[in-house]
Each structure stands twice: as C-alpha cells, then as structure tokens.
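Notes follow the structure.
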Amino acid sequence: MTASVANLRTLRADLPASLVVFLVALPLCVGVAVASGVPAELGLVTGVVGGLLVGFLPGSSLQVSGPAAGMTVLVAEAVDSYGLAGLGTIVLVSGLIQIALGLFRLGRWFRAISVAVVQGMLAGIGLLLIAGQLYVLAGSATPHSGPGKFTGLPGLAADLVTSTTAQLALSVGLATLVIMVQWDALRVRVRQLRMVPGALVAVVVAAALTALLDLPVDKIKVAGLIAAMEPSFGHWRQLTELGVLATIVTFTLVASAESLFSAAAVDRLHKGPPTDFDKELVAQGTGNTVCGLLGALPLTAVIVRSSANVQAGAQTKASRVLHGLWLLLFVAAVPGLIGLIPLPALAAVLIHAGVKLLPLRAVPALWRTERGEVVILVVTALAIGTTDMFTGVLVGLGLAIVKAAWETSHVRVTVDDAGTGPIEVRITGNATFLRLPTILTALNELPTDRTVRLDLRGLRHADRACRTALEEWVETHNEGTTTPVQILTTD
C-alpha cells in the first residue's frame, strides 16, 4: 500500500514534468533537423528514441536525450558530404563505439577532457549555428562552408536593404525571437506560465500570424514519417573513406562529451544519486545505434531539456520516457501541423539556442583566474569556425596539452637580497629538465661570499635531472665559501 502511494506521488510529479519536456523538445527537435539539412520528421524520430529507449536505460535518471543544437553543424556537414545514407552509417558506428567505451568503463575518462576545449567546441558550434541561421532568418540560402557563413554576412545585409521578401522573413523571425525572450521573462514572474516554454509559444504565434495574413514566407516541407526515414544496417563500404572515419571520431567525441558534461551539470541540480558515466555512455550509444539504423539524427543528452525536466519537479525516469511517448503520438496524430511552421521562426529558435551555447558569463570570471583556459576556449572556437569541427577540436586538445606541459614544467625562482644578511632564494612550482637552464642561471649568479638560504618548500615536484643539478650546485657552492647553503624543505 505504501509503495502504491509512493508510485502515485511520483507519477503526479513525473506526468506534468513530461509534458513540460515535450513542449520544450518539440520545436527544438524540428528546428535541429531543419538546420541540419534533413527532413523535420527525423528530428522527432530521434526525440522519440531518446525518450522511449534511452529513457528506459540505466544512467542518469533525470537528464533527457534527443537531437541537440550542438550537433547541428556536424550533421549538416556530414549530410552535405555523404548524404542521408552516409549519416545513418556514421551515427550507427558512433553509437557502437560509445557502447564499447562504456562497457570498457572508459566513460569516466571524458572528465579528463579540458573543460575549456568543450566550452570552446560548443562556442564554435554556437557561432556557426547563429551565423547559418541568420540567412534562414532573412529567407536566403545558407552557405555550406563554415567560413562562408561569416564572409557572406555583408552580402546578406545588402540583400536586406533591397529585398522586400527578405525584410518580411526577417520581421517574422525577429518577432518570434522577441516573443520567445519576453515569454521566458514572464514565466519567471508568473508561476502558472512555467509549464509553457517560450519557444513553443513563439513558434505557434508566428505560424498563426503567417497563415492568417497569408505571408509569402517559406515553411517547413513535410514528406511524412515513412518517406523521410531510410532504415538500413549501414553502408559499410563508406568506412574505407578517411573523411567518414574522421567524422565518426568527431561524432563520438562531441556526442559523448556533451552528454557526460550535461550529466555532470544535471547532477548538481538535484539531490538524487550521481550519474554512472559508463552506464550513461552505453545508454547514449544504444540510442545512437538505433537512430543510425533508422536513418535519423544522432542524439545526445541535452541540458536545456534536462534542466526543464528537473525544474518541473520530475522524480524518476518516467518523465523522460513519457515525453518520448508524447512526441510519438504527435508524429502519428498531427504531423501536418509541422508544415505550418515558418522557417524564419525556427531560425529564431535556433539562434536563441546558439546564444546559449556561448559561455558569455563564464569567460569574464575565467579571465580573472585562468587566462590560459580562455585562450584555449577562444582559439578552439575560432579554429572550428574557420576550418572544421574535427580540426578545431584537435587544435583545442593540442593547446590543452601544451598548457598542461607548461604548467607541469613551470617553475619560479625568486631571489631576495637585502644587501646584508642571508640571500633568500625560493624555488616554487614544478622543476623539470625543461626549466633547468632557468634554475641554474639564477643560482650561478649568486655571490659565493654570502650565506644563501635555499627555500624548497614551495617545490611541488623535481625530476631526477633537477634534483641532481641542485645537489651538484650546492656541493660546488659550499666548496668556495665558509658559509654553506641553508636548505629549507618540507621534510
């Protein structure tokens, strides 16, 4: 009886939470699909898999999976290069790799990836997403290349001045953006409105006004769920192409990192058990394997939907499973409603999502404490914007390794000489052979007729080369003076 009451209480919390997540996920699933260059229905298929399949699997109990804005640029590039069939193979193999990583208990190692690289990766994706959707916002064709999205902006601005159609599309998009932002601000003040997300309200209003006023604005093309899907067991011959293999590695890295960092963030939002990263990686991989078989978009855990789930009061994984059920019922019952949504309205939703990928609040605080991390973040984002995702991530990881090597070998030698009395010499940091010339130069310049007090208490590490060199310097210095070196250590 007690168990039944507890289950009823959790259901009362999970049911409304699932509706909130469904309303948040619906426009994002459609928008991510359209921005990725695939039929809108495929985004909903991925959302259904993320809810009904991944939602049942062990891992994080409250985070929600589905198509993510952070994967949009990657998916668009893959579809452009290898087509929908190639995308299915890439997602399928990426999912199998994720499962293997989880089974071999390698999920925890994703915590070793520099946070600055992940933030830079998401910032680069956000910038590309915003730049690309500006063209859709103005009813223009989006350039395929990353740099082209930025270099074409002056031409887009010129078209806006002369084209009435572009101005009309921009008006619809800007109106959507204003409604979305204002509604979200209103939800904070009015408790009764918190279940209805601003993105959904803005898209519905934009669709209604476009239909009522019969505005000549492009809308989403609906092909039907069965026609949009291309189920297959993978086109394995494509795995001989180096570009496909590089894309698979990038998909796996980005999807896994985004999911596990999202899990870490969601763990801080609730008081339940922490996420098992290995089980979560298996769950995400299983979802991506099925999405690949269905020819749908890749999925990741999404912090926007996950935080909405927690804030709506979800207690168990039932809320995320039910959200997948609502998506499935929507696709089955009223798929034609998608065709009423104007493309500029969806572009506004994605621009809003792209802005959230930018670490606007984190950078100023990080600059005050870890400027090296900011450099890695910015360079990674710029590298992604000017080259491609794979190259940009490699650049970021390379910089993180260089920074770690520098910090590992960084040592500081401070000499305080008051003119009389002992000369105070402090060596702090990590003394490796890379910094040995710096240490010996400072020590060899010390006078031999004065007492030297060598303070090694701030020395965190000294490799064999440095220890040997310090011992030899002390021995040599003591031979030429009647005042031996005084060594201060923590021992």
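Starting from 1 in every chain, residues are counted up; chains themselves are A, B, ... following the order of the structure tokens, and ligands are numbered from 1 as listed.
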So that I can check the surroundings of Leu281 of chain A, please list as a PyMOL selection string every protein, DNA and RNA residue that reaches within 10 Å of it, counting only C-alpha atoms and ignoring chain neighbours fewer than 2 positions away. chain A and resi 58-60+95+97-103+105-108+255-257+259-260+276-279+283-287+300
Write out as a PyMOL selection string the set of residues from segment 239-453 of chain A that DSSP, computed on the backbone, places in strand (DSSP E or B). chain A and resi 300-302+342+411-416+423-431+452-453
Dump of all heavy atoms for the selected residues, as a compact mmCIF listing (two decimals), in the first residue's frame:
# COMPACT_ATOMS: atom_id res chain seq x y z
N THR A 300 22.06 13.20 -28.21
CA THR A 300 22.91 13.40 -27.03
C THR A 300 21.99 13.79 -25.88
O THR A 300 20.80 14.08 -26.07
CB THR A 300 23.94 14.54 -27.22
OG1 THR A 300 23.27 15.80 -27.15
CG2 THR A 300 24.67 14.44 -28.55
N ALA A 301 22.53 13.77 -24.68
CA ALA A 301 21.80 14.36 -23.56
C ALA A 301 21.83 15.87 -23.74
O ALA A 301 22.86 16.43 -24.12
CB ALA A 301 22.44 13.98 -22.24
N VAL A 302 20.69 16.52 -23.53
CA VAL A 302 20.56 17.95 -23.81
C VAL A 302 20.25 18.68 -22.51
O VAL A 302 19.26 18.39 -21.84
CB VAL A 302 19.45 18.23 -24.84
CG1 VAL A 302 19.50 19.67 -25.29
CG2 VAL A 302 19.60 17.30 -26.05
N PRO A 342 6.74 28.54 -40.09
CA PRO A 342 7.62 29.29 -41.00
C PRO A 342 9.09 29.08 -40.65
O PRO A 342 9.45 29.03 -39.46
CB PRO A 342 7.20 30.75 -40.78
CG PRO A 342 6.50 30.78 -39.47
CD PRO A 342 5.95 29.42 -39.21
N VAL A 411 58.30 26.64 -13.34
CA VAL A 411 58.98 26.85 -12.08
C VAL A 411 59.33 28.32 -11.95
O VAL A 411 59.56 29.02 -12.96
CB VAL A 411 60.25 25.98 -11.99
CG1 VAL A 411 61.31 26.46 -12.96
CG2 VAL A 411 60.79 25.93 -10.57
N ARG A 412 59.35 28.79 -10.72
CA ARG A 412 59.68 30.20 -10.48
C ARG A 412 60.80 30.29 -9.46
O ARG A 412 60.73 29.67 -8.39
CB ARG A 412 58.45 30.96 -9.97
CG ARG A 412 58.69 32.45 -9.78
CD ARG A 412 57.42 33.14 -9.33
NE ARG A 412 57.61 34.57 -9.17
CZ ARG A 412 56.68 35.41 -8.75
NH1 ARG A 412 55.48 34.95 -8.45
NH2 ARG A 412 56.94 36.70 -8.65
N VAL A 413 61.83 31.05 -9.81
CA VAL A 413 62.96 31.27 -8.91
C VAL A 413 62.95 32.72 -8.47
O VAL A 413 63.06 33.64 -9.30
CB VAL A 413 64.30 30.93 -9.60
CG1 VAL A 413 65.45 31.12 -8.62
CG2 VAL A 413 64.27 29.50 -10.14
N THR A 414 62.81 32.94 -7.16
CA THR A 414 62.76 34.29 -6.60
C THR A 414 63.97 34.52 -5.70
O THR A 414 64.23 33.73 -4.80
CB THR A 414 61.47 34.50 -5.79
OG1 THR A 414 60.34 34.18 -6.61
CG2 THR A 414 61.36 35.93 -5.31
N VAL A 415 64.69 35.60 -5.96
CA VAL A 415 65.88 35.93 -5.17
C VAL A 415 65.63 37.24 -4.44
O VAL A 415 65.35 38.27 -5.06
CB VAL A 415 67.13 36.06 -6.07
CG1 VAL A 415 68.34 36.44 -5.23
CG2 VAL A 415 67.38 34.75 -6.82
N ASP A 416 65.70 37.21 -3.12
CA ASP A 416 65.55 38.40 -2.28
C ASP A 416 66.90 38.69 -1.60
O ASP A 416 67.36 37.91 -0.76
CB ASP A 416 64.47 38.19 -1.22
CG ASP A 416 63.08 38.13 -1.83
OD1 ASP A 416 62.88 38.74 -2.90
OD2 ASP A 416 62.20 37.46 -1.25
N ILE A 423 70.98 35.65 1.70
CA ILE A 423 70.22 35.84 0.46
C ILE A 423 69.13 34.76 0.42
O ILE A 423 69.41 33.57 0.50
CB ILE A 423 71.14 35.70 -0.77
CG1 ILE A 423 72.26 36.75 -0.72
CG2 ILE A 423 70.34 35.83 -2.05
CD1 ILE A 423 73.29 36.59 -1.83
N GLU A 424 67.89 35.21 0.32
CA GLU A 424 66.76 34.28 0.31
C GLU A 424 66.46 33.87 -1.13
O GLU A 424 66.18 34.71 -1.99
CB GLU A 424 65.51 34.93 0.92
CG GLU A 424 65.70 35.45 2.35
CD GLU A 424 65.71 34.31 3.35
OE1 GLU A 424 65.33 33.18 2.97
OE2 GLU A 424 66.08 34.56 4.52
N VAL A 425 66.52 32.58 -1.40
CA VAL A 425 66.21 32.05 -2.73
C VAL A 425 65.06 31.05 -2.59
O VAL A 425 65.17 30.06 -1.86
CB VAL A 425 67.43 31.36 -3.37
CG1 VAL A 425 67.07 30.83 -4.76
CG2 VAL A 425 68.60 32.32 -3.45
N ARG A 426 63.95 31.34 -3.27
CA ARG A 426 62.79 30.45 -3.23
C ARG A 426 62.55 29.84 -4.61
O ARG A 426 62.47 30.58 -5.60
CB ARG A 426 61.54 31.19 -2.76
CG ARG A 426 61.55 31.55 -1.28
CD ARG A 426 60.23 32.15 -0.85
NE ARG A 426 59.96 33.40 -1.56
CZ ARG A 426 60.43 34.59 -1.20
NH1 ARG A 426 61.21 34.69 -0.13
NH2 ARG A 426 60.14 35.66 -1.90
N ILE A 427 62.41 28.54 -4.65
CA ILE A 427 62.06 27.83 -5.90
C ILE A 427 60.69 27.21 -5.70
O ILE A 427 60.49 26.39 -4.80
CB ILE A 427 63.10 26.75 -6.25
CG1 ILE A 427 64.49 27.38 -6.39
CG2 ILE A 427 62.72 26.04 -7.54
CD1 ILE A 427 65.59 26.37 -6.71
N THR A 428 59.74 27.60 -6.52
CA THR A 428 58.36 27.11 -6.41
C THR A 428 57.89 26.54 -7.74
O THR A 428 58.38 26.92 -8.80
CB THR A 428 57.41 28.24 -5.98
OG1 THR A 428 57.49 29.31 -6.93
CG2 THR A 428 57.77 28.78 -4.61
N GLY A 429 56.93 25.64 -7.67
CA GLY A 429 56.36 25.07 -8.89
C GLY A 429 56.85 23.66 -9.15
O GLY A 429 57.08 22.88 -8.22
N ASN A 430 57.01 23.34 -10.42
CA ASN A 430 57.43 22.01 -10.84
C ASN A 430 58.74 22.13 -11.60
O ASN A 430 58.78 22.73 -12.68
CB ASN A 430 56.37 21.36 -11.73
CG ASN A 430 55.05 21.16 -11.01
OD1 ASN A 430 54.91 20.28 -10.18
ND2 ASN A 430 54.08 22.00 -11.33
N ALA A 431 59.79 21.56 -11.06
CA ALA A 431 61.11 21.66 -11.67
C ALA A 431 61.38 20.43 -12.52
O ALA A 431 61.50 19.32 -12.01
CB ALA A 431 62.18 21.79 -10.58
N VAL A 452 73.54 31.73 1.69
CA VAL A 452 72.36 31.53 0.83
C VAL A 452 71.39 30.60 1.55
O VAL A 452 71.77 29.52 2.01
CB VAL A 452 72.75 30.92 -0.53
CG1 VAL A 452 71.48 30.61 -1.34
CG2 VAL A 452 73.66 31.87 -1.29
N ARG A 453 70.17 31.06 1.67
CA ARG A 453 69.12 30.23 2.25
C ARG A 453 68.20 29.77 1.12
O ARG A 453 67.47 30.58 0.55
CB ARG A 453 68.35 31.01 3.30
CG ARG A 453 67.30 30.15 4.04
CD ARG A 453 66.61 30.92 5.14
NE ARG A 453 67.53 31.18 6.25
CZ ARG A 453 67.64 32.35 6.87
NH1 ARG A 453 66.92 33.39 6.45
NH2 ARG A 453 68.48 32.50 7.87
Please provide the set of residues having any atom within 8 Å of Leu160 of chain A, restricted to only C-alpha atoms, with same-chain residues fewer than 5 positions apart removed, written as an mmCIF file with all heavy atoms, in the first residue's frame.
data_model
loop_
_atom_site.group_PDB
_atom_site.id
_atom_site.type_symbol
_atom_site.label_atom_id
_atom_site.label_comp_id
_atom_site.auth_asym_id
_atom_site.auth_seq_id
_atom_site.Cartn_x
_atom_site.Cartn_y
_atom_site.Cartn_z
ATOM 1 N N ALA A 138 16.524 35.561 -42.802
ATOM 2 C CA ALA A 138 16.256 36.539 -43.858
ATOM 3 C C ALA A 138 15.752 35.881 -45.136
ATOM 4 O O ALA A 138 15.692 36.533 -46.194
ATOM 5 C CB ALA A 138 17.518 37.341 -44.152
ATOM 6 N N ALA A 166 12.962 39.446 -48.171
ATOM 7 C CA ALA A 166 13.924 39.219 -47.084
ATOM 8 C C ALA A 166 13.533 40.010 -45.845
ATOM 9 O O ALA A 166 13.635 39.513 -44.718
ATOM 10 C CB ALA A 166 15.325 39.608 -47.537
ATOM 11 N N GLN A 167 13.059 41.236 -46.038
ATOM 12 C CA GLN A 167 12.647 42.062 -44.907
ATOM 13 C C GLN A 167 11.437 41.454 -44.193
ATOM 14 O O GLN A 167 11.345 41.489 -42.958
ATOM 15 C CB GLN A 167 12.317 43.473 -45.393
ATOM 16 C CG GLN A 167 13.529 44.241 -45.913
ATOM 17 C CD GLN A 167 13.141 45.532 -46.604
ATOM 18 O OE1 GLN A 167 11.964 45.876 -46.704
ATOM 19 N NE2 GLN A 167 14.140 46.249 -47.124
#
Residues of segment 201-350 of chain A classed as alpha helix (DSSP H) by DSSP on the backbone are to be reported as a PDB file with C-alpha atoms, in the first residue's frame.
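Final file, states.pdb:
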ATOM      1  CA  VAL A 201       4.554  29.926 -27.812  1.00  0.00           C
ATOM      2  CA  ALA A 202       6.643  31.987 -30.232  1.00  0.00           C
ATOM      3  CA  VAL A 203       6.523  29.353 -32.998  1.00  0.00           C
ATOM      4  CA  VAL A 204       2.757  28.867 -32.630  1.00  0.00           C
ATOM      5  CA  VAL A 205       2.121  32.627 -32.761  1.00  0.00           C
ATOM      6  CA  ALA A 206       4.428  33.026 -35.784  1.00  0.00           C
ATOM      7  CA  ALA A 207       2.710  30.137 -37.603  1.00  0.00           C
ATOM      8  CA  ALA A 208      -0.751  31.511 -36.839  1.00  0.00           C
ATOM      9  CA  LEU A 209       0.074  35.055 -37.985  1.00  0.00           C
ATOM     10  CA  THR A 210       1.801  33.794 -41.133  1.00  0.00           C
ATOM     11  CA  ALA A 211      -1.254  31.706 -42.024  1.00  0.00           C
ATOM     12  CA  LEU A 212      -3.842  34.378 -41.165  1.00  0.00           C
ATOM     13  CA  LEU A 225       7.424   9.955 -41.418  1.00  0.00           C
ATOM     14  CA  ILE A 226       7.757   6.821 -43.548  1.00  0.00           C
ATOM     15  CA  ALA A 227       9.003   8.742 -46.588  1.00  0.00           C
ATOM     16  CA  ALA A 228      11.571  10.657 -44.517  1.00  0.00           C
ATOM     17  CA  LEU A 242      39.230   8.628 -44.371  1.00  0.00           C
ATOM     18  CA  GLY A 243      36.742  11.515 -44.192  1.00  0.00           C
ATOM     19  CA  VAL A 244      33.978   9.216 -42.942  1.00  0.00           C
ATOM     20  CA  LEU A 245      36.258   7.762 -40.255  1.00  0.00           C
ATOM     21  CA  ALA A 246      37.282  11.252 -39.099  1.00  0.00           C
ATOM     22  CA  THR A 247      33.614  12.261 -38.947  1.00  0.00           C
ATOM     23  CA  ILE A 248      32.775   9.172 -36.864  1.00  0.00           C
ATOM     24  CA  VAL A 249      35.529  10.027 -34.392  1.00  0.00           C
ATOM     25  CA  THR A 250      34.269  13.603 -34.167  1.00  0.00           C
ATOM     26  CA  PHE A 251      30.635  12.494 -33.721  1.00  0.00           C
ATOM     27  CA  THR A 252      31.668  10.101 -30.947  1.00  0.00           C
ATOM     28  CA  LEU A 253      33.814  12.675 -29.158  1.00  0.00           C
ATOM     29  CA  VAL A 254      31.305  15.535 -29.365  1.00  0.00           C
ATOM     30  CA  ALA A 255      28.195  13.479 -28.550  1.00  0.00           C
ATOM     31  CA  SER A 256      29.876  11.695 -25.632  1.00  0.00           C
ATOM     32  CA  ALA A 257      31.456  14.828 -24.179  1.00  0.00           C
ATOM     33  CA  GLU A 258      28.227  16.835 -24.451  1.00  0.00           C
ATOM     34  CA  SER A 259      26.184  14.019 -22.861  1.00  0.00           C
ATOM     35  CA  LEU A 260      28.551  13.415 -19.959  1.00  0.00           C
ATOM     36  CA  PHE A 261      29.139  17.091 -19.233  1.00  0.00           C
ATOM     37  CA  SER A 262      25.365  17.529 -19.302  1.00  0.00           C
ATOM     38  CA  ALA A 263      25.064  14.634 -16.830  1.00  0.00           C
ATOM     39  CA  ALA A 264      27.552  16.313 -14.503  1.00  0.00           C
ATOM     40  CA  ALA A 265      25.551  19.549 -14.708  1.00  0.00           C
ATOM     41  CA  VAL A 266      22.219  17.799 -14.066  1.00  0.00           C
ATOM     42  CA  ASP A 267      23.702  16.006 -11.044  1.00  0.00           C
ATOM     43  CA  PHE A 277      29.196   7.770 -16.632  1.00  0.00           C
ATOM     44  CA  ASP A 278      29.867   4.314 -18.076  1.00  0.00           C
ATOM     45  CA  LYS A 279      26.213   3.266 -17.962  1.00  0.00           C
ATOM     46  CA  GLU A 280      25.183   6.627 -19.398  1.00  0.00           C
ATOM     47  CA  LEU A 281      27.625   6.176 -22.272  1.00  0.00           C
ATOM     48  CA  VAL A 282      26.158   2.725 -23.025  1.00  0.00           C
ATOM     49  CA  ALA A 283      22.655   4.227 -22.972  1.00  0.00           C
ATOM     50  CA  GLN A 284      23.632   7.046 -25.334  1.00  0.00           C
ATOM     51  CA  GLY A 285      25.423   4.594 -27.617  1.00  0.00           C
ATOM     52  CA  THR A 286      22.394   2.302 -27.726  1.00  0.00           C
ATOM     53  CA  GLY A 287      20.207   5.242 -28.702  1.00  0.00           C
ATOM     54  CA  ASN A 288      22.599   6.353 -31.426  1.00  0.00           C
ATOM     55  CA  THR A 289      22.878   2.807 -32.777  1.00  0.00           C
ATOM     56  CA  VAL A 290      19.096   2.648 -33.176  1.00  0.00           C
ATOM     57  CA  CYS A 291      18.995   6.188 -34.643  1.00  0.00           C
ATOM     58  CA  GLY A 292      21.640   5.113 -37.160  1.00  0.00           C
ATOM     59  CA  LEU A 293      19.621   2.025 -38.110  1.00  0.00           C
ATOM     60  CA  LEU A 294      16.545   4.227 -38.626  1.00  0.00           C
ATOM     61  CA  ILE A 303      20.974  20.313 -20.875  1.00  0.00           C
ATOM     62  CA  VAL A 304      18.022  22.554 -21.873  1.00  0.00           C
ATOM     63  CA  ARG A 305      15.513  19.686 -21.801  1.00  0.00           C
ATOM     64  CA  SER A 306      17.205  18.071 -18.796  1.00  0.00           C
ATOM     65  CA  SER A 307      17.131  21.215 -16.671  1.00  0.00           C
ATOM     66  CA  ALA A 308      13.487  21.779 -17.665  1.00  0.00           C
ATOM     67  CA  ASN A 309      12.763  18.226 -16.505  1.00  0.00           C
ATOM     68  CA  VAL A 310      14.390  18.801 -13.107  1.00  0.00           C
ATOM     69  CA  GLN A 311      12.832  22.241 -12.625  1.00  0.00           C
ATOM     70  CA  ALA A 318       9.231   8.009 -16.115  1.00  0.00           C
ATOM     71  CA  SER A 319       9.056  11.692 -17.079  1.00  0.00           C
ATOM     72  CA  ARG A 320      11.600  11.376 -19.882  1.00  0.00           C
ATOM     73  CA  VAL A 321      10.016   8.137 -21.138  1.00  0.00           C
ATOM     74  CA  LEU A 322       6.580   9.775 -21.236  1.00  0.00           C
ATOM     75  CA  HIS A 323       7.979  12.787 -23.115  1.00  0.00           C
ATOM     76  CA  GLY A 324       9.070  10.347 -25.831  1.00  0.00           C
ATOM     77  CA  LEU A 325       5.565   8.877 -25.892  1.00  0.00           C
ATOM     78  CA  TRP A 326       4.019  12.337 -26.371  1.00  0.00           C
ATOM     79  CA  LEU A 327       6.421  13.005 -29.267  1.00  0.00           C
ATOM     80  CA  LEU A 328       5.436   9.698 -30.873  1.00  0.00           C
ATOM     81  CA  LEU A 329       1.722  10.453 -30.523  1.00  0.00           C
ATOM     82  CA  PHE A 330       2.278  13.903 -32.041  1.00  0.00           C
ATOM     83  CA  VAL A 331       4.114  12.441 -35.052  1.00  0.00           C
ATOM     84  CA  ALA A 332       1.395   9.816 -35.526  1.00  0.00           C
ATOM     85  CA  ALA A 333      -1.638  12.063 -34.977  1.00  0.00           C
ATOM     86  CA  LEU A 343      11.343  28.715 -41.424  1.00  0.00           C
ATOM     87  CA  PRO A 344      12.339  32.164 -40.060  1.00  0.00           C
ATOM     88  CA  ALA A 345      10.525  31.286 -36.808  1.00  0.00           C
ATOM     89  CA  LEU A 346      12.546  28.093 -36.432  1.00  0.00           C
ATOM     90  CA  ALA A 347      15.705  30.042 -37.263  1.00  0.00           C
ATOM     91  CA  ALA A 348      14.926  32.395 -34.376  1.00  0.00           C
ATOM     92  CA  VAL A 349      14.554  29.416 -32.011  1.00  0.00           C
ATOM     93  CA  LEU A 350      17.921  28.044 -33.112  1.00  0.00           C
TER      94      LEU A 350
END
Just the residues within 9 Å of Ala13 of chain A, please, counting only C-alpha atoms, with nothing from its chain fewer than 5 positions along; format it as an MDAnalysis selection string. chainID A and resid 8 18 312:316 319
Using only C-alpha atoms, which of the listed residues (A:Glu407, A:Ile125, A:Glu472, A:Pro27) sits closest to Glu41 of chain A?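 Using only C-alpha atoms, Glu41 of chain A sits closest to A:Pro27.
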